[in-house]
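Next comes my_file_21.txt, with compact mmCIF, C-alpha atoms.
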# COMPACT_ATOMS: atom_id res chain seq x y z
CA MET A 119 95.08 92.24 74.76
CA VAL A 120 95.45 92.53 78.53
CA SER A 121 94.16 89.61 80.54
CA PRO A 122 91.42 90.15 83.16
CA GLU A 123 93.74 88.59 85.76
CA LEU A 124 96.39 91.23 85.11
CA ILE A 125 93.82 94.02 85.32
CA ASN A 126 92.61 92.65 88.68
CA ARG A 127 96.16 92.47 90.00
CA LEU A 128 96.88 96.04 88.91
CA GLU A 129 93.67 97.26 90.56
CA ARG A 130 94.66 95.55 93.84
CA ILE A 131 98.13 97.12 93.70
CA GLU A 132 96.58 100.54 93.00
CA LYS A 133 94.30 100.18 96.04
CA LEU A 134 97.22 99.13 98.25
CA LEU A 135 99.13 102.24 97.19
CA LEU A 136 96.05 104.38 97.81
CA PHE A 137 95.77 103.10 101.39
CA LYS A 138 99.33 104.27 102.12
CA LYS A 139 98.69 107.90 101.12
CA LYS A 140 98.17 110.48 103.86
CA ALA A 141 96.55 113.20 101.74
CA LEU A 142 93.70 112.04 99.52
CA THR A 143 92.02 113.77 96.59
CA LEU A 144 88.24 113.92 96.37
CA GLU A 145 88.21 110.92 94.04
CA GLU A 146 90.53 108.90 96.30
CA ALA A 147 88.43 109.78 99.35
CA SER A 148 85.44 108.53 97.40
CA GLU A 149 87.21 105.20 96.87
CA VAL A 150 88.13 104.92 100.56
CA THR A 151 84.70 105.85 101.94
CA GLY A 152 82.53 104.30 99.27
CA TYR A 153 80.62 107.60 98.93
CA LYS A 154 80.16 109.26 95.56
CA SER A 155 82.39 112.27 94.89
CA SER A 156 79.32 114.48 94.53
CA TYR A 157 78.15 113.53 98.04
CA LEU A 158 81.60 114.21 99.52
CA TYR A 159 81.65 117.55 97.74
CA LYS A 160 78.26 118.36 99.25
CA LEU A 161 79.61 117.47 102.72
CA THR A 162 82.64 119.72 102.22
CA SER A 163 80.45 122.60 101.07
CA ALA A 164 78.36 122.24 104.22
CA LYS A 165 81.56 121.95 106.30
CA GLU A 166 80.35 118.61 107.69
CA ILE A 167 83.53 116.67 106.88
CA PRO A 168 87.15 117.63 107.65
CA HIS A 169 89.01 118.68 104.53
CA SER A 170 91.63 121.09 103.19
CA LYS A 171 91.48 123.43 100.26
CA PRO A 172 94.95 124.90 99.68
CA ASN A 173 94.81 128.20 97.80
CA GLY A 174 91.06 127.75 97.42
CA GLY A 175 91.60 125.08 94.78
CA SER A 176 91.33 121.33 94.89
CA ILE A 177 89.89 119.51 97.91
CA PHE A 178 92.08 117.17 99.94
CA PHE A 179 91.36 114.91 102.88
CA ASP A 180 93.71 113.77 105.65
CA ARG A 181 93.34 110.00 105.76
CA GLU A 182 93.38 109.81 109.58
CA LYS A 183 90.80 112.59 109.97
CA LEU A 184 88.62 111.02 107.29
CA GLU A 185 88.76 107.63 109.01
CA SER A 186 87.97 109.24 112.40
CA TRP A 187 85.03 111.05 110.82
CA MET A 188 83.76 107.77 109.33
CA LEU A 189 83.97 106.06 112.73
CA GLN A 190 82.17 108.75 114.76
CA ASN A 191 78.83 108.05 116.44
CA GLU A 192 79.68 104.45 117.19
CA VAL A 193 76.74 102.19 117.92
CA LYS A 194 77.62 99.71 120.64
CA SER A 195 76.59 96.08 120.48
CA LYS A 196 74.25 94.58 123.07
CA GLN A 197 77.19 92.67 124.50
CA ASP A 198 79.23 95.89 124.96
CA ILE A 199 76.29 97.62 126.66
CA GLU A 200 75.64 94.67 128.97
CA SER A 201 79.33 94.45 129.85
CA GLU A 202 79.48 98.18 130.66
CA ALA A 203 76.30 97.91 132.73
CA LEU A 204 77.70 94.99 134.71
CA SER A 205 81.01 96.81 135.29
CA TYR A 206 79.17 99.93 136.40
CA THR A 207 76.91 97.94 138.74
CA LEU A 208 79.83 96.11 140.35
CA LYS A 209 81.89 99.31 140.65
CA ASN A 210 79.07 101.35 142.22
CA ARG A 211 77.71 98.60 144.43
CA LYS A 212 76.69 99.74 147.88
CA SER A 213 78.27 97.74 150.67
Show how you would write the structure in this file as structure tokens.
Amino acid sequence: MVSPELINRLERIEKLLLFKKKALTLEEASEVTGYKSSYLYKLTSAKEIPHSKPNGGSIFFDREKLESWMLQNEVKSKQDIESEALSYTLKNRKS
């Protein structure tokens, strides 16, 4: 019988290897994003997420493009907004 500790270690190693891959399958992209495969498939069908489909077959995702897509539409913190406002005010100050 395999110990739970060994299974946990193997799962961590598997995830580390996954994070080094450049091209991800639908299932791997699901692991990286935390979205269900069915939802990712829906996004690919609607052309709302960058993906590749060589020879019209399986769906693949470029890790960098997937991460960029996940980080789009950033919501700035109050501190960031206040800092930008202060910088803008000081820069455009009338003498």
Exercise. Between atom CA of Pro122 of chain A and atom CA of Thr143 of chain A, what is the distance, to one decimal in Å?
Worked result: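 Result for atom CA of Pro122 of chain A versus atom CA of Thr143 of chain A: 27.2 Å, one decimal.
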Exercise. Smallest atom-to-atom distance to Lys171 of chain A: which of A:Ala141, A:Lys154, A:Arg127, A:Glu200, using only C-alpha atoms?
Worked result: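 Looking only at the distances to Lys171 of chain A, the closest residue turns out to be A:Ala141.
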For this session: Go ahead and compute the interatomic distance for atom CA of Ala203 of chain A and atom CA of Leu189 of chain A, in Å to one decimal.
Result: 22.9 Å
Problem set entry | Which of A:Leu142, A:Lys196, A:Tyr206, A:Val120 sits closest to Ser170 of chain A [using only C-alpha atoms] |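 Closest residue, counting only C-alpha atoms: A:Leu142.
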Exercise. Do you have the atom CA of Ser176 of chain A-atom CA of Thr151 of chain A distance handy?
Worked result: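 About the pair atom CA of Ser176 of chain A and atom CA of Thr151 of chain A: they are 18.3 Å apart.
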For this session: Give me the residues within 12 Å of Lys133 of chain A as a list in words, counting only C-alpha atoms and dropping any in the same chain fewer than 4 places off.
Result: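 Surrounding residues, per the criterion: Asn126, Arg127, Leu128, Glu129, Phe137, Lys138, Lys139, Glu146, Ala147, Glu149 and Val150 of chain A.
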Exercise. From the list A:Leu124, A:Asn191, A:Ile167, A:Glu132, which residue is nearest Leu144 of chain A when using all atoms listed in the file?
Worked result: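 Among the listed residues, A:Ile167 lies closest to Leu144 of chain A.
Considering the residues A:Gln190, A:Ser195, A:Ser148, A:Thr207 and counting all atoms listed in the file, Phe178 of chain A has its shortest atom-to-atom contact with A:Ser148.
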Exercise. In terms of the shortest atom-to-atom distance over all atoms listed in the file, which of A:Glu123, A:Asp198, A:Lys160, A:Phe179 is closest to Glu145 of chain A?
Worked result: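 Ranked by minimum distance to Glu145 of chain A, first place goes to A:Phe179.
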Exercise. Between A:Glu166, A:Leu135, A:Lys140, A:Gln197, which has the minimum distance to Asp180 of chain A (counting all atoms listed in the file)?
Worked result: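 Nearest candidate to Asp180 of chain A out of A:Glu166, A:Leu135, A:Lys140, A:Gln197: A:Lys140.
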